[in-house]
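Peer 1: final24.txt is the file, holding compact mmCIF, C-alpha atoms and all ligand atoms:
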# COMPACT_ATOMS: atom_id res chain seq x y z
CA MET R 189 108.66 79.14 125.04
CA ALA R 190 110.67 82.00 123.72
CA HIS R 191 112.87 84.19 125.85
CA PRO R 192 111.22 85.85 128.85
CA LYS R 193 110.44 89.37 127.84
CA ARG R 194 108.81 91.15 130.67
CA GLY R 195 108.49 91.34 134.40
CA ALA R 196 105.72 90.07 136.60
CA ALA R 197 104.07 93.48 136.75
CA ARG R 198 103.36 93.48 133.04
CA ALA R 199 102.10 89.92 132.99
CA SER R 200 99.74 90.34 135.91
CA GLY R 201 98.56 93.65 134.53
CA ALA R 202 97.54 91.91 131.35
CA ALA R 203 95.84 89.08 133.18
CA ALA R 204 93.93 91.38 135.47
CA ALA R 205 92.64 93.44 132.62
CA GLY R 206 89.47 91.49 132.14
CA ALA R 207 87.25 94.50 131.69
CA PRO R 208 85.08 94.55 128.60
CA ALA R 209 86.60 96.30 125.67
CA GLY R 210 86.53 100.02 125.68
CA THR R 211 85.77 100.67 129.31
CA ALA R 212 89.22 101.38 130.62
CA ALA R 213 90.86 103.55 128.02
CA GLY R 214 90.50 107.24 127.98
CA SER R 215 88.41 107.59 131.11
CA GLY R 216 90.43 109.70 133.49
CA GLY R 217 93.84 108.93 134.85
CA SER R 218 95.42 108.06 131.50
CA PRO R 219 98.78 109.67 131.01
CA SER R 220 98.97 112.50 128.51
CA THR R 221 100.83 112.12 125.26
CA ALA R 222 103.61 114.29 126.67
CA GLU R 223 103.93 111.95 129.66
CA LEU R 224 103.97 108.87 127.46
CA ARG R 225 106.65 110.40 125.29
CA ALA R 226 108.88 111.29 128.22
CA GLY R 227 110.14 107.68 128.38
CA LEU R 228 112.25 105.78 125.90
CA PRO R 229 110.71 104.91 122.55
CA LEU R 230 110.21 101.23 121.70
CA VAL R 231 110.37 101.97 118.00
CA THR R 232 112.74 104.47 116.41
CA VAL R 233 112.91 104.97 112.67
CA ARG R 234 115.32 107.51 111.21
CA ASP R 235 115.76 108.66 107.65
CA LEU R 236 114.22 105.48 106.34
CA ASN R 237 114.33 104.89 102.64
CA VAL R 238 112.70 101.86 101.07
CA ALA R 239 112.77 101.02 97.38
CA TYR R 240 111.52 97.91 95.64
CA ASP R 241 112.70 97.92 92.04
CA GLY R 242 111.88 101.46 91.06
CA PRO R 243 111.85 104.80 92.86
CA ALA R 244 111.66 105.10 96.64
CA VAL R 245 108.41 103.97 98.19
CA LEU R 246 109.39 105.51 101.53
CA ASP R 247 111.62 108.54 101.62
CA ARG R 248 113.32 110.07 104.69
CA VAL R 249 110.75 108.67 107.10
CA ASP R 250 111.14 109.24 110.84
CA LEU R 251 108.92 107.59 113.43
CA ASP R 252 108.97 107.09 117.19
CA LEU R 253 106.54 104.91 119.12
CA PHE R 254 106.43 105.20 122.88
CA PRO R 255 105.00 102.77 125.42
CA GLY R 256 101.26 103.11 125.87
CA GLU R 257 100.41 105.23 122.87
CA MET R 258 98.08 104.48 120.01
CA VAL R 259 99.41 106.01 116.83
CA ALA R 260 97.32 106.18 113.69
CA LEU R 261 99.15 105.87 110.41
CA LEU R 262 97.12 107.69 107.82
CA GLY R 263 97.45 108.05 104.10
CA ALA R 264 95.80 107.26 100.82
CA SER R 265 96.13 103.84 99.25
CA GLY R 266 99.69 103.40 97.97
CA SER R 267 101.15 106.06 100.27
CA GLY R 268 103.41 103.49 101.97
CA LYS R 269 101.59 102.53 105.18
CA SER R 270 102.00 98.78 104.78
CA THR R 271 105.58 99.18 103.63
CA LEU R 272 106.41 101.19 106.75
CA MET R 273 104.88 98.45 108.91
CA LYS R 274 106.81 95.80 106.98
CA SER R 275 110.05 97.65 107.50
CA LEU R 276 109.55 97.32 111.26
CA THR R 277 109.61 93.54 111.00
CA GLY R 278 112.35 93.17 108.42
CA PHE R 279 110.04 92.49 105.48
CA ALA R 280 110.81 95.57 103.40
CA PRO R 281 113.87 96.30 101.23
CA VAL R 282 115.44 99.09 103.27
CA SER R 283 117.96 101.02 101.23
CA ALA R 284 118.95 103.63 103.81
CA GLY R 285 118.26 104.72 107.36
CA SER R 286 117.89 102.99 110.69
CA VAL R 287 115.07 101.01 112.25
CA ARG R 288 115.11 99.99 115.91
CA VAL R 289 112.26 97.95 117.34
CA ALA R 290 112.19 96.72 120.96
CA GLY R 291 115.97 96.73 121.15
CA HIS R 292 116.52 95.08 117.77
CA ASP R 293 118.50 96.87 115.10
CA VAL R 294 116.25 95.72 112.27
CA THR R 295 118.57 96.67 109.45
CA ASN R 296 121.48 94.84 111.12
CA LEU R 297 120.03 91.77 112.73
CA ARG R 298 122.27 89.15 114.27
CA ARG R 299 121.92 85.58 113.11
CA GLY R 300 118.64 84.18 114.41
CA GLU R 301 117.48 87.56 115.65
CA LEU R 302 114.76 87.92 113.01
CA ARG R 303 112.68 85.33 114.83
CA GLU R 304 113.09 87.16 118.12
CA LEU R 305 112.12 90.41 116.48
CA ARG R 306 108.98 88.89 115.00
CA SER R 307 108.05 87.33 118.32
CA ASP R 308 108.33 90.76 119.93
CA VAL R 309 105.95 92.31 117.41
CA GLY R 310 102.29 91.33 117.50
CA GLN R 311 100.56 91.79 114.17
CA VAL R 312 96.93 92.22 113.26
CA PHE R 313 95.76 92.28 109.65
CA GLN R 314 92.71 93.37 107.72
CA GLN R 315 91.69 89.79 106.89
CA PHE R 316 92.11 88.38 110.44
CA ASN R 317 94.11 85.40 109.09
CA LEU R 318 92.30 82.76 111.16
CA ILE R 319 91.78 79.26 109.84
CA PRO R 320 87.99 79.13 109.39
CA ARG R 321 87.37 75.51 110.39
CA LEU R 322 89.48 75.62 113.54
CA SER R 323 88.14 76.66 116.90
CA VAL R 324 88.40 80.15 118.25
CA LEU R 325 90.60 78.83 121.07
CA THR R 326 92.98 77.26 118.54
CA GLY R 327 93.02 80.53 116.61
CA ALA R 328 93.92 82.46 119.75
CA LEU R 329 96.68 79.97 120.59
CA GLY R 330 98.37 80.83 117.30
CA SER R 331 101.88 79.46 117.11
CA ALA R 332 101.53 78.14 120.67
CA GLY R 333 98.66 75.94 119.47
CA PRO R 334 98.37 72.37 118.23
CA LEU R 335 99.57 73.37 114.77
CA ASN R 336 102.95 73.89 116.34
CA LEU R 337 104.23 70.35 116.00
CA ILE R 338 107.43 71.05 117.86
CA GLY R 339 106.05 72.48 121.05
CA GLY R 340 102.62 70.89 121.17
CA PHE R 341 100.33 72.86 123.41
CA SER R 342 100.22 73.03 127.13
CA SER R 343 97.47 73.65 129.63
CA THR R 344 99.31 76.83 130.57
CA HIS R 345 98.99 78.08 127.01
CA ARG R 346 95.33 77.10 126.91
CA ARG R 347 94.65 78.91 130.15
CA ARG R 348 96.42 82.00 128.91
CA ALA R 349 94.54 81.88 125.60
CA MET R 350 91.23 81.61 127.49
CA GLU R 351 92.16 84.60 129.65
CA LEU R 352 92.93 86.60 126.53
CA LEU R 353 89.70 85.53 124.84
CA ASP R 354 87.92 86.70 127.95
CA ARG R 355 89.76 89.98 127.78
CA VAL R 356 88.67 90.59 124.20
CA GLY R 357 85.11 89.53 125.05
CA ILE R 358 84.97 86.27 123.04
CA ALA R 359 85.55 83.57 125.69
CA HIS R 360 82.01 82.25 125.27
CA LYS R 361 82.82 81.36 121.65
CA ALA R 362 86.04 79.48 122.43
CA LYS R 363 84.82 76.14 121.05
CA GLU R 364 83.08 77.49 117.96
CA PRO R 365 84.81 77.36 114.59
CA ALA R 366 86.31 80.71 113.65
CA ARG R 367 84.11 80.89 110.55
CA SER R 368 80.97 81.11 112.69
CA LEU R 369 82.06 84.47 114.12
CA SER R 370 81.32 87.91 112.74
CA GLY R 371 84.19 89.92 111.31
CA GLY R 372 84.45 92.03 114.44
CA GLN R 373 84.59 88.93 116.60
CA GLN R 374 87.22 87.32 114.38
CA GLN R 375 89.35 90.43 114.65
CA ARG R 376 89.09 90.18 118.45
CA VAL R 377 90.39 86.62 118.24
CA ALA R 378 93.24 87.82 116.06
CA ILE R 379 94.04 90.45 118.68
CA ALA R 380 94.02 87.78 121.40
CA ARG R 381 96.41 85.74 119.23
CA ALA R 382 98.73 88.74 118.90
CA LEU R 383 98.67 89.20 122.70
CA MET R 384 99.42 85.51 123.18
CA GLN R 385 102.98 86.12 122.04
CA ASN R 386 103.48 88.80 124.73
CA PRO R 387 104.33 91.44 122.17
CA ARG R 388 106.31 94.53 123.03
CA VAL R 389 104.86 96.40 120.06
CA ILE R 390 101.62 95.85 118.14
CA LEU R 391 101.23 96.65 114.44
CA ALA R 392 97.73 96.62 113.05
CA ASP R 393 97.55 97.09 109.29
CA GLU R 394 94.06 98.27 108.34
CA PRO R 395 92.49 96.15 111.08
CA VAL R 396 89.02 97.60 110.62
CA ALA R 397 88.89 98.05 106.86
CA SER R 398 86.56 95.04 106.51
CA LEU R 399 84.27 95.98 109.40
CA ASP R 400 81.21 98.15 109.57
CA PRO R 401 81.66 101.45 111.43
CA LYS R 402 80.29 100.38 114.78
CA LEU R 403 82.46 97.28 114.94
CA ALA R 404 85.38 99.35 113.72
CA ASP R 405 84.95 101.66 116.71
CA SER R 406 84.85 98.79 119.16
CA VAL R 407 87.93 97.04 117.74
CA LEU R 408 89.90 100.29 117.81
CA GLU R 409 88.77 100.91 121.39
CA LEU R 410 90.01 97.46 122.27
CA LEU R 411 93.41 98.15 120.72
CA ARG R 412 93.67 101.50 122.45
CA GLY R 413 92.79 99.89 125.77
CA ILE R 414 95.62 97.39 125.26
CA ALA R 415 98.05 100.22 124.51
CA THR R 416 97.03 102.07 127.65
CA GLU R 417 96.72 99.15 130.05
CA ASP R 418 99.74 97.14 128.93
CA GLY R 419 101.99 100.02 127.95
CA ILE R 420 102.39 98.56 124.46
CA PRO R 421 102.67 101.01 121.59
CA VAL R 422 100.07 100.26 118.93
CA LEU R 423 100.63 101.49 115.39
CA VAL R 424 97.41 101.21 113.45
CA SER R 425 97.01 102.09 109.80
CA LEU R 426 93.67 103.51 108.83
CA HIS R 427 92.40 105.19 105.73
CA VAL R 428 89.36 106.78 107.34
CA LEU R 429 90.17 110.09 108.98
CA PRO R 430 87.30 110.20 111.54
CA LEU R 431 88.41 106.84 112.95
CA ALA R 432 91.94 108.14 113.39
CA LEU R 433 90.68 111.32 115.06
CA ALA R 434 88.48 109.34 117.45
CA HIS R 435 90.90 106.59 118.41
CA SER R 436 94.50 107.77 118.46
CA ASP R 437 96.90 109.74 120.61
CA ARG R 438 98.98 110.76 117.64
CA ILE R 439 98.63 110.79 113.89
CA VAL R 440 101.41 110.21 111.40
CA GLY R 441 100.34 110.96 107.87
CA LEU R 442 102.09 109.62 104.79
CA ARG R 443 101.75 110.99 101.31
CA ALA R 444 103.58 109.36 98.43
CA GLY R 445 106.09 107.80 100.82
CA GLU R 446 106.90 110.93 102.80
CA ILE R 447 105.69 112.04 106.19
CA LEU R 448 103.50 115.04 105.62
CA VAL R 449 101.89 115.33 109.05
CA SER R 450 102.96 114.18 112.48
CA GLY R 451 101.48 115.38 115.73
CA GLU R 452 99.16 114.90 118.63
CA THR R 453 95.70 114.04 117.40
CA SER R 454 94.06 116.65 119.59
CA ALA R 455 96.22 119.37 118.06
CA LEU R 456 95.66 118.51 114.40
CA SER R 457 93.01 120.22 112.36
CA ALA R 458 91.04 118.80 109.44
CA GLU R 459 92.78 121.35 107.17
CA GLU R 460 96.19 120.03 108.13
CA LEU R 461 95.09 116.48 107.37
CA ALA R 462 93.23 117.13 104.13
CA PRO R 463 96.36 117.10 101.90
CA LEU R 464 96.89 113.47 102.83
CA TYR R 465 94.02 112.60 100.56
CA GLU R 466 94.56 114.99 97.69
CA GLU R 467 95.58 113.53 94.37
CA VAL R 468 99.32 113.04 94.12
CA GLU R 469 100.90 114.40 90.95
CA HIS R 470 103.03 111.71 89.40
CA ASP R 471 106.12 112.80 87.55
CA ASP R 472 108.42 110.56 85.61
CA ASP R 473 111.70 111.67 87.13
CA ASP R 474 114.11 108.99 88.24
CA GLU R 475 113.97 109.97 91.90
N1 LIG U 1 106.29 94.04 97.04
C1 LIG U 1 106.25 95.17 96.35
N2 LIG U 1 106.93 95.29 95.18
C2 LIG U 1 106.92 96.45 94.47
N3 LIG U 1 106.23 97.55 94.86
C3 LIG U 1 105.53 97.49 95.98
C4 LIG U 1 105.50 96.30 96.79
N4 LIG U 1 104.71 96.54 97.88
C5 LIG U 1 104.28 97.81 97.76
N5 LIG U 1 104.75 98.38 96.63
C6 LIG U 1 104.49 99.75 96.18
O1 LIG U 1 104.82 100.61 97.24
C7 LIG U 1 103.89 101.69 97.31
C8 LIG U 1 103.31 101.74 98.71
O2 LIG U 1 102.52 100.58 98.91
P1 LIG U 1 101.92 100.20 100.33
O3 LIG U 1 102.98 100.29 101.33
O4 LIG U 1 101.22 98.91 100.16
O5 LIG U 1 100.89 101.41 100.55
P2 LIG U 1 99.57 101.48 101.45
O6 LIG U 1 99.66 100.40 102.49
O7 LIG U 1 99.61 102.86 102.03
O8 LIG U 1 98.42 101.31 100.53
C9 LIG U 1 102.87 101.46 96.23
O9 LIG U 1 103.22 102.23 95.11
C10 LIG U 1 103.02 99.99 95.93
O10 LIG U 1 102.68 99.73 94.60
MG MG U 2 98.35 98.89 102.94
Output the file's structure in the form of structure tokens.
Peer 2:
Amino acid sequence: MAHPKRGAARASGAAAAGAPAGTAAGSGGSPSTAELRAGLPLVTVRDLNVAYDGPAVLDRVDLDLFPGEMVALLGASGSGKSTLMKSLTGFAPVSAGSVRVAGHDVTNLRRGELRELRSDVGQVFQQFNLIPRLSVLTGALGSAGPLNLIGGFSSTHRRRAMELLDRVGIAHKAKEPARSLSGGQQQRVAIARALMQNPRVILADEPVASLDPKLADSVLELLRGIATEDGIPVLVSLHVLPLALAHSDRIVGLRAGEILVSGETSALSAEELAPLYEEVEHDDDDE
């Protein structure tokens, strides 16, 4: 296994959290956003600039993610949401600024540290990325599973994967092939797989874009419950405003690569958020 990353309290908290999705989060006793943000951030981005070949795709972006908060990343298609997520795991061409994630200086990684960084960041994608013919249990095992020829798989890993499948409400499907599950169920398996690596941060890039609205709500509730119960910051990109309003503690809104809006969800009005979706004027300047 990789380096030990967390104390017993975290691990047992995760194991004990067998409640069905959506029951624990938000119902009394949850810390306020101000309380969450009183601690140290797990992700700090400052003055980030990312450019592929042409002009900047992200420009002067700042972002903090604190333990336990669910942050919605909003913005029209092409505004830079995926690029911002990629820059947190060293996949984007950063041209200026600093990116710190779970203690890693992403723009200055030591030799071999990229692997550690990626093992600290659990990722969930729009298309679930499960292998359709393999069992749900194998999907949840992820890189700890039988496809990992170096490590093989242990009964400890299997037990942990089963606990996580139970947590996401899919344990009864463990032996079924992934393809037999609905989209919402497959996304739950993908979330279990992300938890399997004991992430310190979770990035979910459009995790509900392929799901119908009811399933979208339940998957976002599940992610928010994980943020709250495990103290893991979850950054979730969404392009549907009502979902962000219903399921986040904070909203960060990108428009053409710049942060236009950033604040507590409960304090943001529809008028403040509307410009995120207005047509962007394209000019042909160099910058
Ligand atoms: N690999 C890449 N090479 C060149 N341009 C890219 C690449 N990935 C994204 N872009 C450009 O960066 C901008 C932001 O894209 P992206 O981060 O995917 O936005 P979003 O996720 O908000 O839709 C877009 O203009 C897109 O065309
Ligand atoms: Mg995207």
Peer 1: Enclose range 255-258 of chain R, meaning all of its atoms listed in the file, in a box aligned along x, y and z, pad it by 6 Å on each side, and list the centre and edge lengths in Å to one decimal, as lines of an AutoDock Vina configuration file.
Peer 2:
center_x = 101.5
center_y = 104.0
center_z = 122.9
size_x = 18.9
size_y = 14.5
size_z = 17.9
Peer 1: Please identify all polymer residues within 8 Å of Gln385 in chain R, counting all atoms listed in the file, omitting same-chain residues fewer than 4 positions from it, and present them as JSON, numbers by chain.
Peer 2: {"R": [307, 308, 310, 381]}
Peer 1: Using all atoms listed in the file, I'd like a table of the residues in chain R that come within 10 Å of ligand MG 2 (chain U); for each, show the closest atom pair and its distance in Å rounded to one decimal, ordered by chain and ascending number, as a tab-separated table.
Peer 2:
residue	atom	partner	partner_atom	distance
R:Gly263	CA	U:MG2	MG	9.3
R:Ala264	CA	U:MG2	MG	9.0
R:Ser265	CA	U:MG2	MG	6.6
R:Gly266	CA	U:MG2	MG	6.8
R:Ser267	CA	U:MG2	MG	8.1
R:Gly268	CA	U:MG2	MG	6.9
R:Lys269	CA	U:MG2	MG	5.4
R:Ser270	CA	U:MG2	MG	4.1
R:Thr271	CA	U:MG2	MG	7.3
R:Leu272	CA	U:MG2	MG	9.2
R:Met273	CA	U:MG2	MG	8.9
R:Lys274	CA	U:MG2	MG	9.9
R:Phe313	CA	U:MG2	MG	9.8
R:Gln314	CA	U:MG2	MG	9.2
R:Asp393	CA	U:MG2	MG	6.6
R:Glu394	CA	U:MG2	MG	6.9
R:Ser425	CA	U:MG2	MG	7.7
R:Leu426	CA	U:MG2	MG	8.8
R:His427	CA	U:MG2	MG	9.1
Peer 1: Ranking R:Ala290, R:Leu251, R:Leu411, R:Ile447 by minimum distance to ligand LIG 1 (chain U) and counting all atoms listed in the file, which one comes first?
Peer 2: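 The closest residue to ligand LIG 1 (chain U) is R:Ile447.
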Peer 1: Between CA of His345 in chain R and CA of Pro387 in chain R, what is the distance, to one decimal in Å?
Peer 2: 15.2 Å
Peer 1: Kindly indicate which residue among R:Arg299, R:His360, R:Arg443, R:His292 lies nearest to ligand LIG 1 (chain U), using all atoms listed in the file for the distances.
Peer 2: R:Arg443
Peer 1: I'd like the neighbourhood of Gly330 in chain R as a VMD selection string, where a residue qualifies if any of its atoms comes within 9 Å (using all atoms listed in the file), though same-chain residues fewer than 6 positions away should be ignored.
Peer 2: chain R and resid 318 336 378 381 to 382 384 to 385
Peer 1: Of the candidates R:Val233, R:Val407, R:Ala284, R:Val424, which one gets nearest to ligand LIG 1 (chain U) if we count only C-alpha atoms and all ligand atoms?
Peer 2: R:Val424
Peer 1: Under the rule that only C-alpha atoms and all ligand atoms are counted, which of R:Thr232, R:Thr295, R:Asp247, R:Tyr240 is the nearest residue to ligand LIG 1 (chain U)?
Peer 2: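 The shortest atom-to-atom distance to ligand LIG 1 (chain U) comes from R:Tyr240.
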Peer 1: Could you tell me how far CA of Phe279 in chain R sits from CA of Val231 in chain R, in Å to one decimal place?
Peer 2: 15.7 Å
Peer 1: Measuring between all atoms listed in the file, which one of R:Leu461, R:Val440, R:Leu403, R:Val449 shows the shortest distance to Leu261 in chain R?
Peer 2: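 Between R:Leu461, R:Val440, R:Leu403, R:Val449, the residue approaching Leu261 in chain R most closely is R:Val440.
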Peer 1: Which residue gives the smallest distance to ligand LIG 1 (chain U) among R:Glu452, R:Asp241, R:Asp250, R:Glu351, with all atoms listed in the file counted?
Peer 2: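 The answer is R:Asp241, which sits nearest to ligand LIG 1 (chain U).
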Peer 1: Any idea what the distance is between CA of Ser370 in chain R and atom N4 of ligand LIG 1 (chain U)?
Peer 2: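 Going from CA of Ser370 in chain R over to atom N4 of ligand LIG 1 (chain U) covers 29.0 Å.
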Peer 1: Which residues are close to Leu353 in chain R, i.e. within 8 Å by all atoms listed in the file, leaving aside same-chain residues fewer than 3 positions away? Reply as a compact mmCIF listing (two decimals) with C-alpha atoms, in the coordinates of the input.
Peer 2:
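Writing the result to around.txt gives the following:
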# COMPACT_ATOMS: atom_id res chain seq x y z
CA LEU R 325 90.60 78.83 121.07
CA ALA R 328 93.92 82.46 119.75
CA ALA R 349 94.54 81.88 125.60
CA MET R 350 91.23 81.61 127.49
CA VAL R 356 88.67 90.59 124.20
CA GLY R 357 85.11 89.53 125.05
CA ILE R 358 84.97 86.27 123.04
CA ALA R 359 85.55 83.57 125.69
CA ALA R 362 86.04 79.48 122.43
CA ARG R 376 89.09 90.18 118.45
CA VAL R 377 90.39 86.62 118.24
CA ALA R 380 94.02 87.78 121.40
